[in-house]
$ cat input-v1.txt   # compact mmCIF, C-alpha atoms
# COMPACT_ATOMS: atom_id res chain seq x y z
CA MET A 1329 0.00 0.00 0.00
CA SER A 1330 2.82 2.35 0.72
CA ALA A 1331 5.10 1.48 -2.18
CA THR A 1332 7.24 4.46 -2.97
CA THR A 1333 8.67 3.53 -6.36
CA VAL A 1334 8.01 6.42 -8.63
CA ILE A 1335 7.32 6.40 -12.33
CA ALA A 1336 9.68 8.79 -14.03
CA SER A 1337 7.75 11.77 -15.24
CA SER A 1338 7.98 12.44 -18.93
CA ARG A 1339 6.47 15.90 -18.76
CA ARG A 1340 9.67 17.76 -19.50
CA THR A 1341 9.99 16.18 -22.92
CA GLY A 1342 6.67 17.50 -24.12
CA GLN A 1343 6.07 21.12 -23.08
CA ILE A 1344 5.11 22.15 -26.62
CA GLY A 1345 3.13 18.94 -27.01
CA PHE A 1346 1.02 19.84 -24.02
CA VAL A 1347 0.36 23.33 -25.40
CA ILE A 1348 -0.81 21.90 -28.74
CA ALA A 1349 -2.98 19.34 -26.97
CA TRP A 1350 -4.41 22.15 -24.84
CA GLY A 1351 -5.34 24.00 -28.04
CA PHE A 1352 -7.34 21.01 -29.30
CA CYS A 1353 -8.88 20.50 -25.88
CA LEU A 1354 -10.16 24.09 -26.12
CA LEU A 1355 -12.19 22.94 -29.14
CA PHE A 1356 -13.72 20.23 -26.96
CA TYR A 1357 -14.54 22.81 -24.27
CA PHE A 1358 -16.07 25.11 -26.90
CA GLY A 1359 -18.24 22.31 -28.31
CA GLN A 1360 -19.20 21.03 -24.89
CA TYR A 1361 -20.41 24.47 -23.80
CA ALA A 1362 -22.27 24.88 -27.11
CA ILE A 1363 -24.25 21.67 -26.63
CA ARG A 1364 -24.85 22.56 -22.99
CA SER A 1365 -26.69 25.73 -23.99
CA ALA A 1366 -28.18 24.48 -27.29
CA PRO A 1367 -31.41 22.99 -25.86
CA GLY A 1368 -32.37 26.54 -24.84
CA VAL A 1369 -32.95 27.55 -28.48
CA MET A 1370 -34.91 24.45 -29.46
CA VAL A 1371 -37.50 24.45 -26.70
CA PRO A 1372 -40.53 24.39 -29.05
CA GLU A 1373 -39.06 21.54 -31.12
CA LEU A 1374 -38.20 19.51 -28.03
CA THR A 1375 -41.58 19.95 -26.42
CA THR A 1376 -43.31 18.86 -29.64
CA ALA A 1377 -41.03 15.86 -30.06
CA PHE A 1378 -41.08 14.62 -26.48
CA GLY A 1379 -44.36 16.02 -25.21
CA LEU A 1380 -42.75 17.24 -22.02
CA THR A 1381 -41.16 20.34 -20.58
CA THR A 1382 -37.46 20.83 -21.31
CA LEU A 1383 -36.88 20.97 -17.57
CA GLY A 1384 -36.35 17.24 -17.81
CA VAL A 1385 -33.49 17.51 -20.26
CA SER A 1386 -32.02 20.86 -19.32
CA MET B 620 -29.93 16.55 -15.15
CA TYR B 621 -26.81 17.62 -16.92
CA TYR B 622 -25.40 19.32 -13.84
CA TYR B 623 -25.79 16.29 -11.59
CA THR B 624 -23.57 14.05 -13.70
CA TYR B 625 -21.30 17.01 -14.42
CA SER B 626 -20.63 17.65 -10.72
CA GLY B 627 -20.03 14.00 -9.97
CA PHE B 628 -17.76 13.42 -12.93
CA ALA B 629 -15.77 16.58 -12.23
CA ILE B 630 -14.39 14.60 -9.27
CA VAL B 631 -13.78 11.48 -11.38
CA ALA B 632 -12.14 13.47 -14.18
CA GLY B 633 -9.69 15.19 -11.84
CA ALA B 634 -8.67 11.97 -10.15
CA ALA B 635 -8.39 10.07 -13.44
CA LEU B 636 -6.08 12.74 -14.88
CA ASP B 637 -3.80 12.58 -11.85
CA ARG B 638 -3.81 8.80 -11.91
CA PHE B 639 -3.64 7.90 -15.60
CA GLY B 640 -2.44 11.06 -17.33
CA PRO B 641 -4.30 12.95 -20.03
CA LYS B 642 -3.61 10.92 -23.19
CA TYR B 643 -6.51 8.45 -22.90
CA VAL B 644 -8.62 10.08 -20.21
CA ILE B 645 -9.54 13.22 -22.18
CA PRO B 646 -10.44 11.41 -25.44
CA ILE B 647 -12.64 9.02 -23.46
CA GLY B 648 -14.46 12.04 -22.01
CA ILE B 649 -14.93 13.46 -25.52
CA VAL B 650 -16.29 10.15 -26.84
CA VAL B 651 -18.78 9.95 -23.95
CA THR B 652 -19.96 13.50 -24.74
CA ALA B 653 -20.22 12.65 -28.44
CA VAL B 654 -22.28 9.51 -27.78
CA GLY B 655 -24.52 11.61 -25.52
CA ALA B 656 -25.04 14.17 -28.31
CA ILE B 657 -25.88 11.48 -30.88
CA MET B 658 -28.33 9.82 -28.49
CA PHE B 659 -30.00 13.20 -27.94
CA GLY B 660 -30.49 13.44 -31.71
CA LEU B 661 -32.14 10.01 -32.02
CA GLY B 662 -35.42 11.66 -31.15
CA SER B 663 -36.95 9.63 -28.34
CA ALA B 664 -37.44 11.13 -24.89
CA GLY B 665 -35.65 8.26 -23.20
CA SER B 666 -32.52 8.37 -25.34
CA ALA B 667 -32.46 12.17 -25.09
CA GLU B 668 -32.49 12.03 -21.31
CA ALA B 669 -29.83 9.34 -21.15
CA GLY B 670 -27.85 11.29 -23.76
CA ARG B 671 -28.02 14.42 -21.65
CA LEU B 672 -26.64 12.51 -18.66
CA LEU B 673 -23.76 11.21 -20.79
CA GLN B 674 -23.10 14.73 -22.09
CA GLY B 675 -22.80 16.02 -18.53
CA ALA B 676 -20.48 13.17 -17.55
CA GLY B 677 -18.17 13.58 -20.55
CA ALA B 678 -18.27 17.38 -20.45
CA ALA B 679 -16.71 17.33 -17.00
CA PHE B 680 -13.47 16.23 -18.66
CA ALA B 681 -13.29 19.28 -20.92
CA PHE B 682 -12.39 22.08 -18.53
CA THR B 683 -10.51 19.87 -16.08
CA GLY B 684 -8.56 18.32 -18.97
CA ALA B 685 -7.79 21.64 -20.62
CA VAL B 686 -6.52 23.16 -17.36
CA TYR B 687 -4.45 20.03 -16.67
CA LEU B 688 -2.81 20.30 -20.10
CA ALA B 689 -2.31 24.06 -19.69
CA SER B 690 -0.59 23.66 -16.34
CA HIS B 691 1.84 21.18 -17.91
CA GLY B 692 2.44 23.14 -21.08
CA PHE B 693 2.81 26.66 -19.71
CA SER B 694 5.12 27.95 -17.02
CA ALA B 695 3.59 28.88 -13.67
CA ALA B 696 3.95 32.56 -14.57
CA TRP B 697 1.27 32.17 -17.23
CA LEU B 698 -1.14 29.88 -15.41
CA ALA B 699 -3.87 32.45 -14.68
CA THR B 700 -3.80 33.67 -18.29
CA ALA B 701 -4.12 30.12 -19.62
CA VAL B 702 -7.00 29.33 -17.26
CA GLY B 703 -8.73 32.57 -18.26
CA PHE B 704 -8.25 31.85 -21.95
CA THR B 705 -9.67 28.35 -21.48
CA GLN B 706 -12.81 29.68 -19.84
CA CYS B 707 -13.06 32.32 -22.57
CA PHE B 708 -13.43 29.52 -25.15
CA GLY B 709 -16.13 27.89 -23.07
CA MET B 710 -18.12 31.11 -22.89
CA LEU B 711 -17.72 31.61 -26.64
CA GLY B 712 -19.05 28.09 -27.15
CA GLY B 713 -21.95 28.85 -24.82
CA SER B 714 -23.00 31.86 -26.85
CA ALA B 715 -22.41 30.01 -30.15
CA GLY B 716 -24.80 27.36 -28.85
CA GLN B 717 -27.50 29.99 -28.85
CA PHE B 718 -26.52 32.51 -31.54
CA ALA B 719 -25.48 30.08 -34.25
CA VAL B 720 -27.53 27.00 -33.43
CA GLY B 721 -30.84 28.89 -33.33
CA PRO B 722 -30.74 30.09 -36.95
CA MET B 723 -29.10 26.82 -38.05
CA ILE B 724 -31.89 24.54 -36.91
CA HIS B 725 -34.55 26.86 -38.29
CA ALA B 726 -33.11 27.09 -41.78
CA LEU B 727 -30.37 24.61 -42.63
CA ILE B 728 -30.85 21.37 -40.76
CA THR B 729 -33.30 19.75 -38.36
CA TRP B 730 -32.56 19.75 -34.66
CA GLU B 731 -31.96 16.01 -34.75
CA GLN B 732 -29.34 16.45 -37.48
CA PHE B 733 -27.66 19.16 -35.40
CA TRP B 734 -27.09 16.78 -32.49
CA ILE B 735 -25.79 14.00 -34.71
CA LEU B 736 -23.42 16.36 -36.55
CA ALA B 737 -22.24 17.78 -33.22
CA GLY B 738 -21.56 14.22 -32.04
CA LEU B 739 -19.56 13.40 -35.16
CA ALA B 740 -17.55 16.62 -34.85
CA LEU B 741 -16.72 15.71 -31.25
CA LEU B 742 -15.59 12.23 -32.32
CA ALA B 743 -13.20 13.88 -34.80
CA ILE B 744 -11.87 16.12 -32.00
CA ALA B 745 -11.39 13.02 -29.82
CA VAL B 746 -9.11 11.48 -32.46
CA VAL B 747 -7.10 14.70 -32.83
CA VAL B 748 -6.69 15.10 -29.05
CA LEU B 749 -5.64 11.46 -28.72
CA VAL B 750 -2.94 11.95 -31.36
CA ALA B 751 -1.78 15.33 -30.07
CA THR B 752 -1.60 14.62 -26.32
CA PRO B 753 1.79 13.52 -25.01
CA SER B 754 1.68 10.33 -22.96
CA GLY B 755 3.01 9.98 -19.46
CA HIS B 756 1.86 11.51 -16.25
CA ASP B 757 3.15 12.97 -13.04
CA ALA B 758 5.28 10.96 -10.70
CA GLN B 759 3.23 8.89 -8.29
CA PRO B 760 3.58 5.79 -6.15
CA ILE B 761 2.89 2.52 -7.95
CA GLY B 762 1.95 -0.78 -6.43
CA ASP B 763 -1.39 0.37 -5.10
CA ARG B 764 -3.75 -0.57 -7.87
CA SER B 765 -7.10 -0.43 -6.09
CA SER B 766 -9.50 1.91 -7.83
CA LEU B 767 -10.24 3.76 -4.59
CA SER B 768 -6.64 4.88 -4.31
CA MET B 769 -7.26 6.97 -7.41
CA PHE B 770 -9.27 9.34 -5.21
CA LYS B 771 -6.46 9.74 -2.67
CA PRO B 772 -5.38 13.14 -4.04
CA TYR B 773 -8.72 14.49 -2.81
CA LYS B 774 -7.60 13.78 0.72
CA VAL B 775 -4.81 16.29 0.15
CA VAL B 776 -7.04 18.83 -1.61
CA LEU B 777 -10.01 18.57 0.72
CA THR B 778 -8.05 18.76 3.96
CA ASN B 779 -6.66 22.09 2.83
CA PRO B 780 -8.95 24.93 4.01
CA GLN B 781 -7.63 27.12 1.19
CA SER B 782 -9.30 24.76 -1.31
CA TYR B 783 -12.72 25.48 0.19
CA LEU B 784 -12.07 29.23 0.19
CA CYS B 785 -11.22 29.00 -3.52
CA GLY B 786 -14.31 26.91 -4.26
CA PHE B 787 -16.83 29.07 -2.44
CA CYS B 788 -15.25 32.32 -3.60
CA ALA B 789 -15.39 31.24 -7.27
CA GLY B 790 -18.85 29.73 -6.81
CA LEU B 791 -20.30 32.94 -5.39
CA LEU B 792 -18.82 34.96 -8.26
CA PHE B 793 -20.43 32.59 -10.80
CA LEU B 794 -23.93 33.03 -9.38
CA PRO B 795 -24.73 36.50 -10.76
CA THR B 796 -24.12 35.04 -14.25
CA THR B 797 -25.48 31.50 -13.96
CA ILE B 798 -28.59 32.35 -11.92
CA GLY B 799 -28.98 36.13 -12.11
CA ASP B 800 -28.31 36.57 -15.81
CA MET B 801 -28.79 33.24 -17.57
CA ILE B 802 -31.96 32.15 -15.74
CA TRP B 803 -33.61 35.32 -14.44
CA GLY B 804 -31.94 38.06 -16.50
CA VAL B 805 -34.55 38.26 -19.24
CA PRO B 806 -37.66 38.29 -17.00
CA PHE B 807 -35.94 40.79 -14.67
CA LEU B 808 -35.12 43.21 -17.50
CA ARG B 809 -38.57 42.92 -19.03
CA ASP B 810 -40.42 43.49 -15.78
CA THR B 811 -38.29 46.26 -14.32
CA LEU B 812 -37.53 48.20 -17.51
CA GLY B 813 -40.54 47.26 -19.58
CA ILE B 814 -38.43 46.47 -22.67
CA SER B 815 -39.19 43.89 -25.36
CA TYR B 816 -38.20 40.23 -25.12
CA GLU B 817 -35.66 40.52 -27.96
CA GLN B 818 -33.99 43.54 -26.40
CA ALA B 819 -33.87 41.85 -23.01
CA VAL B 820 -32.16 38.81 -24.60
CA ASP B 821 -29.62 41.08 -26.31
CA ARG B 822 -28.84 42.86 -23.06
CA ALA B 823 -28.59 39.62 -21.10
CA THR B 824 -26.04 38.20 -23.57
CA MET B 825 -23.74 41.12 -22.74
CA VAL B 826 -22.76 39.30 -19.54
CA PRO B 827 -21.29 36.15 -21.18
CA LEU B 828 -19.64 38.43 -23.73
CA GLY B 829 -18.03 40.30 -20.83
CA TRP B 830 -16.70 36.96 -19.56
CA VAL B 831 -15.03 36.36 -22.92
CA ILE B 832 -13.10 39.61 -22.42
CA GLY B 833 -12.73 39.46 -18.64
CA CYS B 834 -11.35 35.93 -18.20
CA PRO B 835 -8.18 36.30 -20.27
CA LEU B 836 -7.78 39.97 -19.33
CA LEU B 837 -7.92 39.52 -15.55
CA GLY B 838 -5.79 36.37 -15.81
CA TYR B 839 -3.21 38.28 -17.82
CA ILE B 840 -3.14 41.15 -15.30
CA ALA B 841 -2.78 38.66 -12.41
CA ASP B 842 0.18 37.01 -14.15
CA ARG B 843 1.82 40.28 -15.15
CA ILE B 844 1.76 41.88 -11.72
CA GLY B 845 2.48 38.49 -10.14
CA ARG B 846 -0.37 38.85 -7.69
CA ARG B 847 -3.74 37.08 -7.54
CA LYS B 848 -5.68 38.66 -4.68
CA PRO B 849 -5.80 42.32 -5.81
CA VAL B 850 -7.10 41.22 -9.23
CA LEU B 851 -9.65 38.85 -7.70
CA ILE B 852 -10.93 41.47 -5.28
CA GLY B 853 -10.82 44.24 -7.89
CA GLY B 854 -12.89 42.16 -10.34
CA ALA B 855 -15.39 41.33 -7.60
CA LEU B 856 -15.69 45.03 -6.71
CA LEU B 857 -16.41 45.80 -10.37
CA MET B 858 -19.14 43.13 -10.29
CA LEU B 859 -20.52 44.64 -7.10
CA ALA B 860 -20.67 48.14 -8.58
CA ALA B 861 -22.19 46.96 -11.88
CA SER B 862 -24.82 44.68 -10.35
CA ALA B 863 -25.80 47.21 -7.68
CA THR B 864 -26.30 49.85 -10.39
CA VAL B 865 -28.40 47.48 -12.51
CA ILE B 866 -30.58 46.58 -9.54
CA TYR B 867 -30.94 49.82 -7.60
CA LEU B 868 -30.34 52.58 -10.14
CA PRO B 869 -31.85 51.42 -13.42
CA GLY B 870 -31.44 53.84 -16.30
CA VAL B 871 -28.47 55.76 -14.86
CA VAL B 872 -25.86 54.16 -17.11
CA PRO B 873 -26.51 53.46 -20.82
CA PRO B 874 -27.82 49.91 -21.43
CA TYR B 875 -25.44 47.12 -22.48
CA VAL B 876 -22.50 48.79 -20.68
CA LEU B 877 -23.37 47.46 -17.23
CA GLY B 878 -23.95 43.90 -18.42
CA LEU B 879 -20.61 43.99 -20.18
CA LEU B 880 -18.86 45.36 -17.07
CA LEU B 881 -20.55 42.74 -14.89
CA GLY B 882 -19.24 40.04 -17.23
CA ILE B 883 -15.72 41.48 -17.35
CA GLY B 884 -15.59 41.65 -13.54
CA SER B 885 -16.86 38.05 -13.43
CA GLY B 886 -13.60 37.01 -15.05
CA ALA B 887 -12.33 37.24 -11.46
CA ALA B 888 -14.18 33.97 -10.78
CA MET B 889 -11.42 32.17 -12.70
CA ILE B 890 -8.60 33.47 -10.50
CA PRO B 891 -9.38 31.00 -7.66
CA TYR B 892 -9.02 28.22 -10.27
CA ALA B 893 -5.39 29.26 -10.63
CA ILE B 894 -4.93 29.76 -6.87
CA ILE B 895 -6.24 26.29 -5.95
CA LYS B 896 -3.52 24.71 -8.09
CA GLU B 897 -0.91 26.83 -6.36
CA VAL B 898 -2.00 26.18 -2.78
CA ASN B 899 -1.97 22.41 -3.39
CA PRO B 900 1.00 20.18 -4.32
CA ASP B 901 1.84 19.67 -8.00
CA LYS B 902 0.91 15.99 -8.06
CA VAL B 903 -2.77 16.70 -7.33
CA LYS B 904 -3.21 19.33 -10.06
CA GLY B 905 -6.03 17.45 -11.80
CA SER B 906 -7.87 16.71 -8.58
CA ALA B 907 -7.57 20.33 -7.43
CA THR B 908 -9.42 21.46 -10.57
CA GLY B 909 -11.93 18.65 -10.14
CA ALA B 910 -12.59 19.75 -6.57
CA ILE B 911 -13.15 23.42 -7.38
CA ASN B 912 -15.38 22.55 -10.35
CA PHE B 913 -17.40 20.26 -8.11
CA LEU B 914 -17.79 22.97 -5.44
CA VAL B 915 -18.77 25.64 -7.97
CA PHE B 916 -21.31 23.49 -9.78
CA THR B 917 -22.81 22.07 -6.60
CA LEU B 918 -23.28 25.60 -5.27
CA SER B 919 -25.05 26.62 -8.51
CA ALA B 920 -27.15 23.45 -8.54
CA PHE B 921 -28.40 24.06 -5.00
CA LEU B 922 -28.85 27.81 -5.17
CA ALA B 923 -30.66 27.96 -8.54
CA PRO B 924 -33.86 26.35 -7.17
CA ALA B 925 -33.38 28.17 -3.85
CA TYR B 926 -33.39 31.49 -5.69
CA GLY B 927 -36.56 30.54 -7.57
CA TRP B 928 -38.16 29.63 -4.25
CA LEU B 929 -37.04 32.96 -2.75
CA LEU B 930 -38.61 34.90 -5.63
CA ASN B 931 -41.88 33.06 -5.14
CA ALA B 932 -41.83 33.55 -1.39
CA LEU B 933 -41.18 37.29 -1.74
CA ALA B 934 -43.95 37.57 -4.30
CA GLY B 935 -46.31 35.81 -1.90
CA GLY B 936 -47.77 33.78 -4.76
CA GLY B 937 -48.41 36.94 -6.75
CA LYS B 938 -46.69 38.41 -9.79
CA LEU B 939 -42.93 38.93 -9.90
CA THR B 940 -42.73 42.70 -9.56
CA GLU B 941 -39.82 45.09 -9.66
CA THR B 942 -39.69 45.19 -5.85
CA VAL B 943 -39.65 41.40 -5.60
CA PHE B 944 -36.69 41.17 -7.98
CA ARG B 945 -34.89 43.98 -6.21
CA ASN B 946 -35.24 42.34 -2.79
CA ALA B 947 -34.22 38.92 -4.08
CA ASP B 948 -31.26 40.34 -5.98
CA SER B 949 -30.01 41.86 -2.74
CA PHE B 950 -29.03 38.30 -1.77
CA GLY B 951 -26.97 38.05 -4.94
CA VAL B 952 -25.23 41.31 -4.07
CA ALA B 953 -24.60 39.98 -0.56
CA GLY B 954 -23.05 36.90 -2.18
CA ILE B 955 -20.52 39.08 -4.02
CA VAL B 956 -19.67 40.86 -0.76
CA LEU B 957 -19.20 37.48 0.94
CA ALA B 958 -16.91 36.38 -1.91
CA ILE B 959 -14.77 39.49 -1.35
CA VAL B 960 -14.55 38.71 2.37
CA LEU B 961 -13.55 35.08 1.63
CA ALA B 962 -10.97 36.30 -0.88
CA CYS B 963 -9.26 38.27 1.89
CA PHE B 964 -8.45 34.98 3.66
CA LEU B 965 -6.84 33.37 0.59
CA CYS B 966 -3.08 32.96 0.35
CA GLU B 967 -1.37 35.22 -2.15
CA THR B 968 0.22 32.78 -4.59
CA GLY B 969 1.32 35.10 -7.39
CA SER B 970 4.93 34.95 -8.57
CA ALA B 971 5.74 38.32 -6.98
CA SER B 972 4.88 37.04 -3.51
CA ARG B 973 6.64 33.73 -4.10
CA ALA B 974 9.88 35.57 -4.68
CA ALA B 975 9.40 37.36 -1.38
CA ALA B 976 8.17 34.33 0.58
CA PRO B 977 9.29 31.00 -0.84
CA MET B 978 7.35 29.06 1.79
CA ILE B 979 4.04 30.49 0.60
CA GLN B 980 2.36 27.08 0.42
CA THR B 981 2.62 26.62 4.13
CA ALA B 982 2.55 30.26 5.20
CA LYS B 983 -0.58 31.28 7.08
CA ALA B 984 -0.74 34.81 5.75
CA PRO B 985 0.48 36.34 2.51
CA ALA B 986 3.74 38.24 2.64
$ encode --input "input-v1.txt" --output "structure tokens"
Amino acid sequence: MSATTVIASSRRTGQIGFVIAWGFCLLFYFGQYAIRSAPGVMVPELTTAFGLTTLGVS
Amino acid sequence: MYYYTYSGFAIVAGAALDRFGPKYVIPIGIVVTAVGAIMFGLGSAGSAEAGRLLQGAGAAFAFTGAVYLASHGFSAAWLATAVGFTQCFGMLGGSAGQFAVGPMIHALITWEQFWILAGLALLAIAVVVLVATPSGHDAQPIGDRSSLSMFKPYKVVLTNPQSYLCGFCAGLLFLPTTIGDMIWGVPFLRDTLGISYEQAVDRATMVPLGWVIGCPLLGYIADRIGRRKPVLIGGALLMLAASATVIYLPGVVPPYVLGLLLGIGSGAAMIPYAIIKEVNPDKVKGSATGAINFLVFTLSAFLAPAYGWLLNALAGGGKLTETVFRNADSFGVAGIVLAIVLACFLCETGSASRAAAPMIQTAKAPA
């Protein structure tokens, strides 16, 4: 339980790599926020399709 | 719905990043979100609800993952800027979800097609992130393979009182936007100013727009001067002034300006996200972000219905009048004041203070 062997960290080799990956992850964050707020603009469509209030899926 | 799985998985995402590194964890989160989006577009109520839960679970990996990558890619001197820039993209996405998607599903494609296309786009992003992310993770003990041990970093984060100060301070500064503006902004503006629905929507969207400017700007200032607390407190004071003017002195300042200023000041809410990484050890970076995201979202999830209840109670079952809104909003203003008080008890972790006091992580008071 208290093993102290440590995996060598490879973070130093990839500073630029992490920055590039961060850039692509920003796209994910952008898209994720977009689909979080998207149901708000399709309330009439959703209520017709599901026959319920969007409270359930908001 | 969405927020329940989001809060829970914020914890899982942080721990998984610390334990397994970002290379597989973030793409898995993206795939879960993508599957959730596609299920939402299948058109049945059941699959939409399940899809929404999956979206919340996967989405929790986006911010936590981006901040994890940023804190490995950028030097500590640029952390607050990177965190601010990350949040700026989220806010842009949030407004794109309304500005662009609205016209799109009324002219170009059906709403079902939108969700399926969004899911496919996310799957493409998952592949790109998988290829681009360096493998490897921070040094940690091996030999303990039980899945519970993955949550051990939270013991470090959650026994540190500074973590809670960061969480509640950021959470309180989010409320004027998440509850005040995004839920009640439009009815408030219509009822107190008597303006049209469209104009109220336009004015309410000034606040997220202000975030887009405020997050990177305040982060940049905090990094440049090497201090966190003055920027955090200054931003909160700007929020206080802007929201108090909106509530108590309507019509004094030209419209749109106050909403924008409120949003810019709200960029201060991201500063505790940088501080919580700096008051906790390096090896729990992912979990620190998970913890603050959990605290912020839980606070919003509890206080959103509480605020609705308060409005109803003040109205006494009657109509929501100007006075009702004004009295209820006083609690929001009090929340900003409380956030400023909490901020005073935070450690100063900016680079300028670190130079002066190298032991800042254990110091009780800022130098």
$ interface_residues --input "input-v1.txt" --of "chain B" --to "chain A" --cutoff "8 Å" --atoms "all atoms listed in the file" --output "NGL selection string"
:B and (620-621 or 649 or 652 or 656 or 662-664 or 667-668 or 671 or 674 or 678 or 681-682 or 684-686 or 688-689 or 691-693 or 705 or 708-717 or 720-721 or 730 or 737 or 741 or 744 or 747-748 or 751-763)
$ atom_distance --input "input-v1.txt" --atom1 "atom CA of B:Val776" --atom2 "atom CA of B:Ala910"
7.5 Å
$ residues_around --input "input-v1.txt" --residues "B:Gly854" --least-positions-apart "4" --cutoff "6 Å" --atoms "all atoms listed in the file" --output "list in words"
Val850, Gly884 and Ala887 of chain B
$ write_last_selection --input "input-v1.txt" --atoms "C-alpha atoms" --output "PDB file, keeping the file's coordinate frame"
ATOM      1  CA  VAL B 850      -7.100  41.220  -9.230  1.00  0.00           C
ATOM      2  CA  GLY B 884     -15.590  41.650 -13.540  1.00  0.00           C
ATOM      3  CA  ALA B 887     -12.330  37.240 -11.460  1.00  0.00           C
TER       4      ALA B 887
END
$ atom_distance --input "input-v1.txt" --atom1 "atom CA of B:Ala962" --atom2 "atom CA of B:Asn899"
16.7 Å
$ atom_distance --input "input-v1.txt" --atom1 "atom CA of B:Cys785" --atom2 "atom CA of B:Ile852"
12.6 Å
$ residues_around --input "input-v1.txt" --residues "B:Val805" --least-positions-apart "6" --cutoff "9 Å" --atoms "all atoms listed in the file" --output "PyMOL selection string"
chain B and resi 816+818-820+822-823
$ write_last_selection --input "input-v1.txt" --atoms "C-alpha atoms" --output "mmCIF file, in the frame of the given file"
data_model
loop_
_atom_site.group_PDB
_atom_site.id
_atom_site.type_symbol
_atom_site.label_atom_id
_atom_site.label_comp_id
_atom_site.auth_asym_id
_atom_site.auth_seq_id
_atom_site.Cartn_x
_atom_site.Cartn_y
_atom_site.Cartn_z
ATOM 1 C CA TYR B 816 -38.200 40.230 -25.120
ATOM 2 C CA GLN B 818 -33.990 43.540 -26.400
ATOM 3 C CA ALA B 819 -33.870 41.850 -23.010
ATOM 4 C CA VAL B 820 -32.160 38.810 -24.600
ATOM 5 C CA ARG B 822 -28.840 42.860 -23.060
ATOM 6 C CA ALA B 823 -28.590 39.620 -21.100
#
$ residues_around --input "input-v1.txt" --residues "B:Gly670" --least-positions-apart "4" --cutoff "8 Å" --atoms "all atoms listed in the file" --output "JSON, numbers by chain"
{"B": [654, 655, 656, 657, 658, 659, 666, 674]}
$ residues_around --input "input-v1.txt" --residues "B:Tyr926" --least-positions-apart "5" --cutoff "12 Å" --atoms "all atoms listed in the file" --output "list in words"
Leu794, Pro795, Thr797, Ile798, Gly799, Ile802, Trp803, Leu918, Ser919, Ala920, Phe921, Asn931, Ala932, Leu933, Val943, Phe944, Asn946, Ala947, Asp948, Ser949, Phe950 and Gly951 of chain B
$ axis_aligned_box --input "input-v1.txt" --around "stretch 1356-1371 of chain A" --padding-each-side "5 Å" --output "JSON"
{"center_x": -25.6, "center_y": 23.9, "center_z": -26.2, "size_x": 33.8, "size_y": 17.3, "size_z": 16.5}
$ residues_around --input "input-v1.txt" --residues "B:Gly886" --least-positions-apart "6" --cutoff "6 Å" --atoms "all atoms listed in the file" --output "number ranges by chain"
B: 830, 833-834
$ closest_residue --input "input-v1.txt" --among "B:Val960, B:Ala632, B:Ile840, B:Leu791" --to "B:Leu914" --atoms "all atoms listed in the file"
B:Leu791
$ decode --input "input-v1.txt" --residues "stretch 1357-1368 of chain A" --atoms "N, CA and C atoms" --output "CSV table (one decimal), in the first residue's frame"
chain,number,residue,atom,x,y,z
A,1357,TYR,N,-13.8,22.0,-25.3
A,1357,TYR,CA,-14.5,22.8,-24.3
A,1357,TYR,C,-15.6,23.7,-25.0
A,1358,PHE,N,-15.2,24.3,-26.1
A,1358,PHE,CA,-16.1,25.1,-26.9
A,1358,PHE,C,-17.3,24.3,-27.3
A,1359,GLY,N,-17.1,23.1,-27.9
A,1359,GLY,CA,-18.2,22.3,-28.3
A,1359,GLY,C,-19.1,21.8,-27.2
A,1360,GLN,N,-18.5,21.5,-26.0
A,1360,GLN,CA,-19.2,21.0,-24.9
A,1360,GLN,C,-20.1,22.1,-24.3
A,1361,TYR,N,-19.6,23.4,-24.3
A,1361,TYR,CA,-20.4,24.5,-23.8
A,1361,TYR,C,-21.5,24.8,-24.8
A,1362,ALA,N,-21.2,24.6,-26.1
A,1362,ALA,CA,-22.3,24.9,-27.1
A,1362,ALA,C,-23.4,23.9,-27.0
A,1363,ILE,N,-23.1,22.6,-26.7
A,1363,ILE,CA,-24.2,21.7,-26.6
A,1363,ILE,C,-24.9,21.8,-25.3
A,1364,ARG,N,-24.2,22.4,-24.3
A,1364,ARG,CA,-24.8,22.6,-23.0
A,1364,ARG,C,-26.0,23.6,-23.1
A,1365,SER,N,-25.7,24.7,-23.9
A,1365,SER,CA,-26.7,25.7,-24.0
A,1365,SER,C,-27.6,25.6,-25.2
A,1366,ALA,N,-27.4,24.6,-26.1
A,1366,ALA,CA,-28.2,24.5,-27.3
A,1366,ALA,C,-29.6,24.1,-27.0
A,1367,PRO,N,-30.0,23.3,-26.0
A,1367,PRO,CA,-31.4,23.0,-25.9
A,1367,PRO,C,-32.2,24.2,-25.6
A,1368,GLY,N,-31.6,25.3,-25.1
A,1368,GLY,CA,-32.4,26.5,-24.8
A,1368,GLY,C,-33.0,27.1,-26.1
